[in-house]
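Asker: The file below is input_16.tsv, TSV, C-alpha atoms:
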```
chain	number	residue	atom	x	y	z
A	99	MET	CA	-38.41	-3.16	14.46
A	100	SER	CA	-35.47	-1.06	15.59
A	101	ARG	CA	-33.57	1.12	13.20
A	102	VAL	CA	-30.09	0.00	12.09
A	103	ILE	CA	-27.04	1.99	11.05
A	104	GLU	CA	-24.45	0.98	8.48
A	105	VAL	CA	-21.03	1.10	10.11
A	106	GLU	CA	-17.97	1.08	7.87
A	107	LEU	CA	-14.36	0.16	8.64
A	108	VAL	CA	-11.71	2.80	7.99
A	109	GLY	CA	-7.98	2.17	7.59
A	110	PRO	CA	-6.12	-1.08	6.92
A	111	ARG	CA	-9.27	-3.19	7.47
A	112	SER	CA	-11.38	-1.16	5.08
A	113	GLY	CA	-13.36	-3.47	2.80
A	114	GLN	CA	-12.53	-6.64	4.78
A	115	SER	CA	-15.04	-9.22	5.93
A	116	CYS	CA	-14.61	-10.09	9.60
A	117	VAL	CA	-16.34	-10.16	12.98
A	118	LEU	CA	-15.51	-7.33	15.40
A	119	ALA	CA	-17.15	-6.73	18.79
A	120	GLY	CA	-19.77	-9.34	17.87
A	121	PHE	CA	-20.80	-7.64	14.62
A	122	GLU	CA	-20.25	-9.25	11.23
A	123	PHE	CA	-18.62	-6.96	8.70
A	124	SER	CA	-19.14	-7.90	5.09
A	125	ARG	CA	-16.84	-6.03	2.69
A	126	GLY	CA	-16.10	-3.58	5.50
A	127	VAL	CA	-19.71	-2.79	6.42
A	128	ALA	CA	-21.84	-4.01	9.35
A	129	LEU	CA	-25.41	-3.31	10.41
A	130	VAL	CA	-25.60	-2.10	14.03
A	131	PRO	CA	-28.78	-1.17	15.94
A	132	ALA	CA	-29.08	2.61	16.18
A	133	ASP	CA	-29.77	2.41	19.93
A	134	ALA	CA	-26.55	0.43	20.62
A	135	GLY	CA	-24.51	3.46	21.71
A	136	ALA	CA	-21.94	1.45	23.68
A	137	ALA	CA	-21.31	-0.87	20.72
A	138	LEU	CA	-20.94	2.08	18.35
A	139	SER	CA	-18.45	3.67	20.74
A	140	ILE	CA	-16.41	0.44	21.02
A	141	LEU	CA	-16.39	-0.05	17.26
A	142	ALA	CA	-15.17	3.52	16.72
A	143	THR	CA	-12.59	3.54	19.51
A	144	TYR	CA	-11.02	0.11	19.08
A	145	HIS	CA	-11.78	-0.92	15.49
A	146	SER	CA	-11.96	2.33	13.46
A	147	ALA	CA	-15.52	1.57	12.39
A	148	TYR	CA	-17.87	4.55	12.09
A	149	PRO	CA	-21.45	5.16	10.99
A	150	ARG	CA	-21.46	5.98	7.27
A	151	GLU	CA	-22.11	9.62	6.44
A	152	SER	CA	-21.07	10.72	9.96
A	153	ARG	CA	-18.49	13.41	10.62
A	154	GLU	CA	-16.38	10.91	12.54
A	155	TYR	CA	-16.31	8.60	9.52
A	156	GLU	CA	-15.31	11.42	7.18
A	157	LYS	CA	-12.59	12.67	9.55
A	158	ALA	CA	-11.17	9.16	10.06
A	159	ARG	CA	-11.26	8.39	6.32
A	160	ASP	CA	-9.57	11.71	5.46
A	161	ALA	CA	-6.91	11.18	8.14
A	162	TRP	CA	-6.23	7.65	6.81
A	163	GLU	CA	-5.95	8.91	3.24
A	164	ASP	CA	-3.61	11.72	4.34
A	165	ARG	CA	-1.43	9.20	6.21
A	166	GLN	CA	-1.28	6.96	3.17
A	167	ALA	CA	-0.39	9.86	0.90
A	168	SER	CA	2.40	11.02	3.23
A	169	SER	CA	3.83	7.49	3.48
A	170	GLY	CA	4.00	7.08	-0.28
A	171	GLY	CA	0.95	4.80	-0.35
A	172	LYS	CA	2.61	2.08	1.72
A	173	LEU	CA	0.08	0.47	4.01
A	174	THR	CA	1.07	0.56	7.66
A	175	THR	CA	-0.67	-2.47	9.11
A	176	GLY	CA	-0.10	-4.01	12.50
A	177	GLY	CA	2.05	-6.74	10.94
A	178	ASP	CA	4.24	-4.16	9.20
A	179	LEU	CA	4.71	-2.27	12.45
A	180	VAL	CA	5.57	-5.44	14.39
A	181	ASP	CA	8.14	-6.42	11.76
A	182	ASP	CA	9.69	-2.95	11.89
A	183	LEU	CA	9.84	-3.04	15.69
A	184	LYS	CA	11.46	-6.49	15.66
A	185	ALA	CA	14.13	-5.26	13.26
A	186	GLN	CA	14.77	-2.21	15.45
A	187	LEU	CA	15.03	-4.42	18.54
A	188	GLU	CA	17.52	-6.74	16.85
A	189	ALA	CA	19.63	-3.77	15.74
A	190	ALA	CA	19.55	-2.32	19.27
A	191	ASN	CA	20.59	-5.69	20.75
A	192	ARG	CA	23.51	-5.98	18.31
A	193	GLU	CA	24.60	-2.44	19.16
A	194	ARG	CA	24.35	-3.18	22.90
A	195	GLU	CA	26.49	-6.30	22.50
A	196	GLU	CA	29.09	-4.37	20.49
A	197	LEU	CA	29.20	-1.62	23.13
A	198	ALA	CA	29.52	-4.18	25.93
A	199	ALA	CA	32.45	-5.79	24.10
A	200	ARG	CA	34.13	-2.41	23.57
A	201	LEU	CA	33.62	-1.51	27.22
A	202	ALA	CA	35.08	-4.84	28.34
A	203	ARG	CA	38.12	-4.33	26.12
A	204	ALA	CA	38.58	-0.77	27.41
A	205	GLU	CA	38.25	-1.84	31.04
A	206	GLY	CA	40.59	-4.78	30.45
A	207	ALA	CA	43.18	-2.53	28.82
A	208	GLY	CA	43.01	-0.13	31.77
A	209	LYS	CA	43.56	-2.92	34.29
A	210	GLY	CA	46.02	-4.88	32.22
A	211	THR	CA	43.61	-7.82	31.99
A	212	SER	CA	41.12	-8.85	29.39
A	213	ILE	CA	37.66	-10.30	29.86
A	214	SER	CA	35.27	-11.52	27.22
A	215	ALA	CA	32.17	-9.63	26.13
A	216	THR	CA	29.93	-12.35	27.55
A	217	GLU	CA	31.59	-11.99	30.94
A	218	ALA	CA	31.14	-8.23	30.74
A	219	SER	CA	27.46	-8.47	29.84
A	220	ALA	CA	26.91	-11.06	32.61
A	221	ALA	CA	28.39	-8.78	35.25
A	222	PRO	CA	25.77	-7.11	37.45
A	223	PRO	CA	25.17	-3.44	36.66
A	224	VAL	CA	26.82	-0.89	38.86
A	225	GLU	CA	24.13	0.78	40.90
A	226	ALA	CA	24.17	4.53	41.35
A	227	GLN	CA	24.99	5.63	44.82
A	228	GLU	CA	22.06	7.31	46.46
A	229	LYS	CA	22.27	9.83	49.24
A	230	PRO	CA	20.43	8.84	52.39
A	231	PRO	CA	17.33	10.94	53.07
A	232	LYS	CA	17.79	13.96	55.28
A	233	PRO	CA	16.41	13.58	58.78
A	234	ALA	CA	13.11	15.37	59.37
A	235	LYS	CA	13.14	18.56	61.38
A	236	ALA	CA	11.73	18.30	64.86
A	237	ALA	CA	8.39	20.07	65.40
A	238	LYS	CA	8.55	22.99	67.84
```
Kindly present the structure from the file in structure tokens form.

Answerer:
Amino acid sequence: MSRVIEVELVGPRSGQSCVLAGFEFSRGVALVPADAGAALSILATYHSAYPRESREYEKARDAWEDRQASSGGKLTTGGDLVDDLKAQLEAANREREELAARLARAEGAGKGTSISATEASAAPPVEAQEKPPKPAKAAK
């Protein structure tokens, strides 16, 4: 019978029961064959699961605890990050629309005409003029 290692999840999945990379984690712990080096590497790299009592486990656990302490104990899960990014994207889109409207008003005031913000945002972007490449020197 081959020897098995207890592998424990670190981070937001710590203590969860789930299946990762084909291994069943019960309360954050899975049994993995000791000779399954590739599986252990995948679990550590992609799922933050490390053999208990290993240096990697201790370093990952300490880093997670430090991150939690510095964030005031607020968990930063994937869902939290996605929600934050969506909010940032919406704010950036609103700002872009406001800037496009201001630009359209400024351009309209300069020309004595006025166009709507939607017309301004639908206009194709002005491409930067590029210098043509210099001709190559003839070989002597």

Asker: Please list as an MDAnalysis selection string every residue within 12 Å of Gly120 of chain A, counting all atoms listed in the file and excluding residues in the same chain fewer than 3 positions away.

Answerer: chainID A and resid 116:117 123 128:130 137:138 140:141 145

Asker: Taking C-alpha atoms for each residue, export the selection above as a PDB file, in the coordinates of the input.

Answerer:
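Below you can see result-v7.pdb, which holds the result:
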```pdb
ATOM      1  CA  CYS A 116     -14.610 -10.090   9.600  1.00  0.00           C
ATOM      2  CA  VAL A 117     -16.340 -10.160  12.980  1.00  0.00           C
ATOM      3  CA  PHE A 123     -18.620  -6.960   8.700  1.00  0.00           C
ATOM      4  CA  ALA A 128     -21.840  -4.010   9.350  1.00  0.00           C
ATOM      5  CA  LEU A 129     -25.410  -3.310  10.410  1.00  0.00           C
ATOM      6  CA  VAL A 130     -25.600  -2.100  14.030  1.00  0.00           C
ATOM      7  CA  ALA A 137     -21.310  -0.870  20.720  1.00  0.00           C
ATOM      8  CA  LEU A 138     -20.940   2.080  18.350  1.00  0.00           C
ATOM      9  CA  ILE A 140     -16.410   0.440  21.020  1.00  0.00           C
ATOM     10  CA  LEU A 141     -16.390  -0.050  17.260  1.00  0.00           C
ATOM     11  CA  HIS A 145     -11.780  -0.920  15.490  1.00  0.00           C
TER      12      HIS A 145
END
```

Asker: Skipping near chain neighbours, those fewer than 5 positions away, what residues fall within 6 Å of Glu106 of chain A using only C-alpha atoms, listed as an MDAnalysis selection string?

Answerer: chainID A and resid 126:127 147:148

Asker: Taking (-11.1, 3.6, 12.7) in the file's coordinates as the center, which residues reach within 7 Å of it, counting only C-alpha atoms, put as a list in words?

Answerer: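 Checking each residue against the 7 Å limit leaves Leu107, Val108, Gly109, Ala142, Thr143, His145, Ser146, Ala147, Tyr148 and Ala158 of chain A.
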
Asker: Save out the residues we just selected, C-alpha atoms, as an mmCIF file, in the frame of the given file.

Answerer:
```
data_model
loop_
_atom_site.group_PDB
_atom_site.id
_atom_site.type_symbol
_atom_site.label_atom_id
_atom_site.label_comp_id
_atom_site.auth_asym_id
_atom_site.auth_seq_id
_atom_site.Cartn_x
_atom_site.Cartn_y
_atom_site.Cartn_z
ATOM 1 C CA LEU A 107 -14.360 0.160 8.640
ATOM 2 C CA VAL A 108 -11.710 2.800 7.990
ATOM 3 C CA GLY A 109 -7.980 2.170 7.590
ATOM 4 C CA ALA A 142 -15.170 3.520 16.720
ATOM 5 C CA THR A 143 -12.590 3.540 19.510
ATOM 6 C CA HIS A 145 -11.780 -0.920 15.490
ATOM 7 C CA SER A 146 -11.960 2.330 13.460
ATOM 8 C CA ALA A 147 -15.520 1.570 12.390
ATOM 9 C CA TYR A 148 -17.870 4.550 12.090
ATOM 10 C CA ALA A 158 -11.170 9.160 10.060
#
```

Asker: Can you measure atom CA of Val180 of chain A to atom CA of Arg111 of chain A for me? One decimal in Å is fine.

Answerer: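 Straight-line distance from atom CA of Val180 of chain A to atom CA of Arg111 of chain A works out to 16.5 Å.
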
Asker: If I take atom CA of Val102 of chain A and atom CA of Gln114 of chain A, how far is one from the other in Å, to one decimal?

Answerer: 20.1 Å

Asker: Please, what distance in Å, to one decimal, runs between atom CA of Ala189 of chain A and atom CA of Ala204 of chain A?

Answerer: 22.5 Å

Asker: Using all atoms listed in the file, which protein or nucleic acid residues come within 12 Å of Arg101 of chain A? Drop anything in the same chain fewer than 2 positions from it, and give the result as an NGL selection string.

Answerer: :A and (99 or 103-104 or 129-134)

Asker: List as JSON, numbers by chain: which residues have an atom within 9 Å of (-13.4, -6.6, -0.6), counting only C-alpha atoms?

Answerer: {"A": [112, 113, 114, 115, 124, 125, 126]}

Asker: Out of A:Val105, A:Ser169, A:Ala136, A:Ala199, which residue has the shortest atom-to-atom distance to Ser152 of chain A when counting all atoms listed in the file?

Answerer: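 With all atoms listed in the file as the atom set, the closest residue is A:Val105.
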